[in-house]
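Asker: This is entry-v9.cif (mmCIF, C-alpha atoms; chains and numbers go by the auth columns).
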```cif
data_query
loop_
_atom_site.group_PDB
_atom_site.id
_atom_site.type_symbol
_atom_site.label_atom_id
_atom_site.label_comp_id
_atom_site.label_asym_id
_atom_site.label_seq_id
_atom_site.Cartn_x
_atom_site.Cartn_y
_atom_site.Cartn_z
_atom_site.B_iso_or_equiv
_atom_site.auth_seq_id
_atom_site.auth_asym_id
ATOM 1 C CA MET A 1 69.146 -12.288 -25.862 0.00 224 F
ATOM 2 C CA ARG A 2 66.881 -11.367 -22.952 0.00 225 F
ATOM 3 C CA VAL A 3 64.039 -13.749 -22.203 0.00 226 F
ATOM 4 C CA GLU A 4 61.212 -12.387 -20.058 0.00 227 F
ATOM 5 C CA GLY A 5 59.693 -15.630 -18.758 0.00 228 F
ATOM 6 C CA PHE A 6 57.592 -18.695 -19.460 0.00 229 F
ATOM 7 C CA ASN A 7 55.379 -18.370 -22.534 0.00 230 F
ATOM 8 C CA HIS A 8 53.513 -21.638 -23.138 0.00 231 F
ATOM 9 C CA VAL A 9 53.647 -25.414 -23.181 0.00 232 F
ATOM 10 C CA THR A 10 52.332 -27.696 -25.930 0.00 233 F
ATOM 11 C CA ILE A 11 51.091 -31.097 -24.796 0.00 234 F
ATOM 12 C CA ASN A 12 50.511 -33.969 -27.210 0.00 235 F
ATOM 13 C CA VAL A 13 47.222 -35.768 -26.538 0.00 236 F
ATOM 14 C CA ALA A 14 45.570 -38.814 -28.137 0.00 237 F
ATOM 15 C CA ASP A 15 41.987 -37.477 -28.241 0.00 238 F
ATOM 16 C CA LEU A 16 41.430 -33.716 -28.253 0.00 239 F
ATOM 17 C CA ALA A 17 37.755 -33.824 -27.220 0.00 240 F
ATOM 18 C CA HIS A 18 38.495 -36.167 -24.311 0.00 241 F
ATOM 19 C CA SER A 19 41.446 -34.066 -23.159 0.00 242 F
ATOM 20 C CA LEU A 20 39.462 -30.837 -23.407 0.00 243 F
ATOM 21 C CA ARG A 21 36.885 -32.256 -21.003 0.00 244 F
ATOM 22 C CA PHE A 22 39.728 -32.864 -18.526 0.00 245 F
ATOM 23 C CA TYR A 23 41.537 -29.533 -18.961 0.00 246 F
ATOM 24 C CA VAL A 24 38.392 -27.371 -19.123 0.00 247 F
ATOM 25 C CA ASP A 25 35.890 -29.234 -16.936 0.00 248 F
ATOM 26 C CA ALA A 26 38.165 -30.866 -14.352 0.00 249 F
ATOM 27 C CA LEU A 27 40.906 -28.226 -14.129 0.00 250 F
ATOM 28 C CA GLY A 28 38.925 -25.120 -15.068 0.00 251 F
ATOM 29 C CA MET A 29 41.155 -23.838 -17.883 0.00 252 F
ATOM 30 C CA ARG A 30 39.554 -21.322 -20.245 0.00 253 F
ATOM 31 C CA LEU A 31 39.236 -22.434 -23.867 0.00 254 F
ATOM 32 C CA VAL A 32 40.484 -19.612 -26.110 0.00 255 F
ATOM 33 C CA HIS A 33 40.505 -21.391 -29.488 0.00 256 F
ATOM 34 C CA ARG A 34 39.691 -24.847 -30.803 0.00 257 F
ATOM 35 C CA GLY A 35 41.008 -25.981 -34.145 0.00 258 F
ATOM 36 C CA ARG A 36 40.607 -29.303 -35.897 0.00 259 F
ATOM 37 C CA ARG A 37 43.585 -30.943 -34.136 0.00 260 F
ATOM 38 C CA ASP A 38 44.597 -28.350 -31.545 0.00 261 F
ATOM 39 C CA ALA A 39 43.199 -26.173 -28.782 0.00 262 F
ATOM 40 C CA TYR A 40 44.563 -23.163 -26.916 0.00 263 F
ATOM 41 C CA LEU A 41 43.722 -22.628 -23.269 0.00 264 F
ATOM 42 C CA GLU A 42 44.538 -20.134 -20.518 0.00 265 F
ATOM 43 C CA TRP A 43 45.042 -20.915 -16.860 0.00 266 F
ATOM 44 C CA GLY A 44 45.997 -17.808 -14.936 0.00 267 F
ATOM 45 C CA THR A 45 48.950 -16.392 -16.847 0.00 268 F
ATOM 46 C CA ALA A 46 49.899 -19.771 -18.350 0.00 269 F
ATOM 47 C CA TRP A 47 49.107 -20.583 -21.975 0.00 270 F
ATOM 48 C CA VAL A 48 48.594 -24.260 -22.841 0.00 271 F
ATOM 49 C CA CYS A 49 48.264 -25.769 -26.307 0.00 272 F
ATOM 50 C CA LEU A 50 46.809 -29.257 -26.660 0.00 273 F
ATOM 51 C CA GLN A 51 47.864 -30.923 -29.898 0.00 274 F
ATOM 52 C CA GLU A 52 46.001 -34.060 -30.993 0.00 275 F
ATOM 53 C CA ARG A 53 48.485 -36.790 -31.977 0.00 276 F
ATOM 54 C CA PRO A 54 46.597 -40.112 -31.982 0.00 277 F
ATOM 55 C CA GLU A 55 49.501 -41.725 -33.811 0.00 278 F
ATOM 56 C CA HIS A 56 51.751 -41.259 -30.786 0.00 279 F
ATOM 57 C CA ALA A 57 51.847 -44.127 -28.336 0.00 280 F
ATOM 58 C CA LYS A 58 51.467 -43.390 -24.640 0.00 281 F
ATOM 59 C CA ILE A 59 54.702 -42.217 -23.107 0.00 282 F
ATOM 60 C CA PRO A 60 56.317 -44.855 -20.911 0.00 283 F
ATOM 61 C CA GLU A 61 56.686 -43.998 -17.232 0.00 284 F
ATOM 62 C CA ALA A 62 60.469 -43.492 -17.536 0.00 285 F
ATOM 63 C CA HIS A 63 61.427 -41.370 -20.542 0.00 286 F
ATOM 64 C CA LEU A 64 63.560 -38.522 -21.778 0.00 287 F
ATOM 65 C CA GLY A 65 61.901 -35.204 -22.564 0.00 288 F
ATOM 66 C CA VAL A 66 59.389 -33.270 -20.496 0.00 289 F
ATOM 67 C CA ASP A 67 59.037 -34.750 -17.010 0.00 290 F
ATOM 68 C CA HIS A 68 56.084 -32.609 -15.920 0.00 291 F
ATOM 69 C CA VAL A 69 54.480 -29.187 -16.322 0.00 292 F
ATOM 70 C CA ALA A 70 54.009 -27.105 -13.172 0.00 293 F
ATOM 71 C CA PHE A 71 51.521 -24.309 -12.623 0.00 294 F
ATOM 72 C CA THR A 72 51.688 -21.716 -9.843 0.00 295 F
ATOM 73 C CA ILE A 73 48.890 -21.602 -7.307 0.00 296 F
ATOM 74 C CA SER A 74 48.659 -19.520 -4.145 0.00 297 F
ATOM 75 C CA GLU A 75 49.244 -21.125 -0.775 0.00 298 F
ATOM 76 C CA ALA A 76 45.755 -19.931 0.241 0.00 299 F
ATOM 77 C CA ASP A 77 44.135 -21.791 -2.687 0.00 300 F
ATOM 78 C CA PHE A 78 46.258 -24.943 -2.592 0.00 301 F
ATOM 79 C CA ASN A 79 44.186 -27.156 -0.253 0.00 302 F
ATOM 80 C CA ASP A 80 40.943 -26.232 -2.022 0.00 303 F
ATOM 81 C CA ALA A 81 42.572 -27.126 -5.355 0.00 304 F
ATOM 82 C CA VAL A 82 43.541 -30.574 -4.062 0.00 305 F
ATOM 83 C CA VAL A 83 39.956 -31.143 -2.918 0.00 306 F
ATOM 84 C CA TRP A 84 38.712 -29.888 -6.312 0.00 307 F
ATOM 85 C CA LEU A 85 40.951 -32.359 -8.183 0.00 308 F
ATOM 86 C CA LYS A 86 39.723 -35.248 -6.051 0.00 309 F
ATOM 87 C CA GLU A 87 36.081 -34.209 -6.491 0.00 310 F
ATOM 88 C CA LYS A 88 36.607 -34.181 -10.268 0.00 311 F
ATOM 89 C CA GLY A 89 37.971 -37.725 -10.130 0.00 312 F
ATOM 90 C CA VAL A 90 41.528 -36.737 -10.999 0.00 313 F
ATOM 91 C CA THR A 91 44.021 -39.341 -9.809 0.00 314 F
ATOM 92 C CA ILE A 92 46.682 -37.829 -7.597 0.00 315 F
ATOM 93 C CA LYS A 93 50.085 -39.244 -8.555 0.00 316 F
ATOM 94 C CA LYS A 94 52.105 -37.779 -5.671 0.00 317 F
ATOM 95 C CA GLY A 95 51.351 -35.423 -2.806 0.00 318 F
ATOM 96 C CA PRO A 96 50.177 -33.131 -1.521 0.00 319 F
ATOM 97 C CA MET A 97 53.657 -32.625 -0.186 0.00 320 F
ATOM 98 C CA THR A 98 56.192 -29.979 0.770 0.00 321 F
ATOM 99 C CA ARG A 99 58.785 -29.281 -1.953 0.00 322 F
ATOM 100 C CA GLY A 100 61.379 -26.810 -0.774 0.00 323 F
ATOM 101 C CA VAL A 101 59.247 -24.343 1.147 0.00 324 F
ATOM 102 C CA GLY A 102 56.190 -24.691 -1.091 0.00 325 F
ATOM 103 C CA GLN A 103 53.385 -27.188 -1.450 0.00 326 F
ATOM 104 C CA SER A 104 53.060 -29.489 -4.484 0.00 327 F
ATOM 105 C CA VAL A 105 50.573 -31.977 -5.825 0.00 328 F
ATOM 106 C CA TYR A 106 51.223 -34.063 -8.940 0.00 329 F
ATOM 107 C CA PHE A 107 48.489 -35.551 -11.127 0.00 330 F
ATOM 108 C CA CYS A 108 48.050 -36.886 -14.657 0.00 331 F
ATOM 109 C CA ASP A 109 45.942 -35.871 -17.614 0.00 332 F
ATOM 110 C CA PRO A 110 44.066 -38.551 -19.598 0.00 333 F
ATOM 111 C CA ASP A 111 47.191 -39.317 -21.679 0.00 334 F
ATOM 112 C CA GLY A 112 49.489 -39.768 -18.690 0.00 335 F
ATOM 113 C CA ASN A 113 51.192 -36.341 -18.887 0.00 336 F
ATOM 114 C CA THR A 114 52.193 -35.315 -15.383 0.00 337 F
ATOM 115 C CA LEU A 115 51.014 -31.893 -14.183 0.00 338 F
ATOM 116 C CA GLU A 116 51.843 -30.137 -10.918 0.00 339 F
ATOM 117 C CA LEU A 117 50.342 -27.347 -8.849 0.00 340 F
ATOM 118 C CA HIS A 118 53.060 -25.598 -6.815 0.00 341 F
ATOM 119 C CA THR A 119 52.862 -22.699 -4.369 0.00 342 F
ATOM 120 C CA SER A 120 56.314 -21.086 -4.356 0.00 343 F
ATOM 121 C CA ASP A 121 58.413 -19.178 -6.869 0.00 344 F
ATOM 122 C CA LEU A 122 61.984 -19.850 -8.001 0.00 345 F
ATOM 123 C CA GLN A 123 63.610 -17.449 -5.528 0.00 346 F
ATOM 124 C CA THR A 124 61.744 -19.035 -2.617 0.00 347 F
ATOM 125 C CA ARG A 125 62.616 -22.543 -3.819 0.00 348 F
ATOM 126 C CA MET A 126 66.301 -21.626 -4.136 0.00 349 F
ATOM 127 C CA SER A 127 66.387 -20.273 -0.581 0.00 350 F
ATOM 128 C CA VAL A 128 66.395 -23.911 0.532 0.00 351 F
ATOM 129 C CA TRP A 129 69.613 -24.598 -1.416 0.00 352 F
ATOM 130 C CA LYS A 130 71.606 -21.618 -0.068 0.00 353 F
#
```
Transcribe the structure of this file into structure tokens.
Answerer:
Amino acid sequence: MRVEGFNHVTINVADLAHSLRFYVDALGMRLVHRGRRDAYLEWGTAWVCLQERPEHAKIPEAHLGVDHVAFTISEADFNDAVVWLKEKGVTIKKGPMTRGVGQSVYFCDPDGNTLELHTSDLQTRMSVWK
């Protein structure tokens, strides 16, 4: 089996309308489709599905499963993105900081899911470990 790369991530959210305001208005994702309990968005080459699950309790800080979802951003756009997040009232969880040889900033969506913007690729990140 030959996998070509990352396809999409599905994120459970408590309130789809509230989360869409965050992902579209605060982060600038493009809404492709909105269903009754789900929405599909694009952000660069990433595909994100938001799935409304009000019956799910908030995820505790320490848990098994997905730790965070990271999106690639260019080094040239990184600082402006951090300013953008702050201007939109997004709480920065950690960073900006250097991770490997790239820059990272971690922040949360309205349901506490951790998202990251990161500037390097896998090969560059692994160069630190060689």
Asker: Go ahead and compute the interatomic distance for atom CA of F:Ala304 and atom CA of F:Thr337, in Å to one decimal.
Answerer: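 Between atom CA of F:Ala304 and atom CA of F:Thr337 the gap is 16.1 Å.
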Asker: Name the closest residue to F:His241 among the candidates F:Val306, F:Thr342, F:Glu275, F:Trp270; distances are taken between atoms, counting all atoms listed in the file.
Answerer: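 Ranking F:Val306, F:Thr342, F:Glu275, F:Trp270 by distance to F:His241, first place goes to F:Glu275.
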Asker: For this file, the PyMOL selection byres ((chain F and resi 323-328) around 9) selects which residues, as a PyMOL selection string?
Answerer: chain F and resi 298+301+305+315-322+329-330+338-344+347-352
Asker: Enumerate, as JSON, numbers by chain, the residues matched when the PyMOL selection byres ((chain F and resi 231) around 12) is run on the file above.
Answerer: {"F": [228, 229, 230, 232, 233, 234, 263, 264, 265, 266, 267, 268, 269, 270, 271, 272, 273, 292, 293, 294]}
Asker: Which of these residues is nearest to F:Val236, using all atoms listed in the file: F:Val313, F:Ala249, F:Val255, F:Ala262?
Answerer: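 The closest residue to F:Val236 is F:Ala262.
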Asker: As an exercise, work out the distance from atom CA of F:Asp303 to atom CA of F:His291 in Å and give it to one decimal place.
Answerer: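 Going from atom CA of F:Asp303 over to atom CA of F:His291, I get 21.5 Å.
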Asker: Go through F:Val289, F:Leu308, F:Ala299, F:Leu243 and flag the residue nearest F:Asn336, using only C-alpha atoms for the distances.
Answerer: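 Of F:Val289, F:Leu308, F:Ala299, F:Leu243, the one nearest F:Asn336 is F:Val289, counting only C-alpha atoms.
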Asker: Atom CA of F:Ile296 and atom CA of F:Gly312 are how many Å apart?
Answerer: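 Separation between atom CA of F:Ile296 and atom CA of F:Gly312: 19.7 Å.
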Asker: For the structure provided, state which residues fall under the PyMOL selection byres ((chain F and resi 276) around 9), and present them as a ChimeraX atom specification.
Answerer: /F:235-239,260,274-275,277-280
Asker: For a quick check of understanding, using all atoms listed in the file, which of F:Pro333, F:Thr314, F:Thr295, F:Met252 has the smallest distance to F:Ala240?
Answerer: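 Checking each of F:Pro333, F:Thr314, F:Thr295, F:Met252 against F:Ala240, counting all atoms listed in the file, the winner is F:Pro333.
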Asker: How big is the axis-aligned box, and where does its centre sit, when it encloses all atoms of stretch 322-328 of chain F listed in the file and has 6 Å added on every side, reported in Å to one decimal as AutoDock Vina command-line options?
Answerer:
```
--center_x 56.0 --center_y -28.2 --center_z -2.3 --size_x 22.8 --size_y 19.6 --size_z 19.0
```
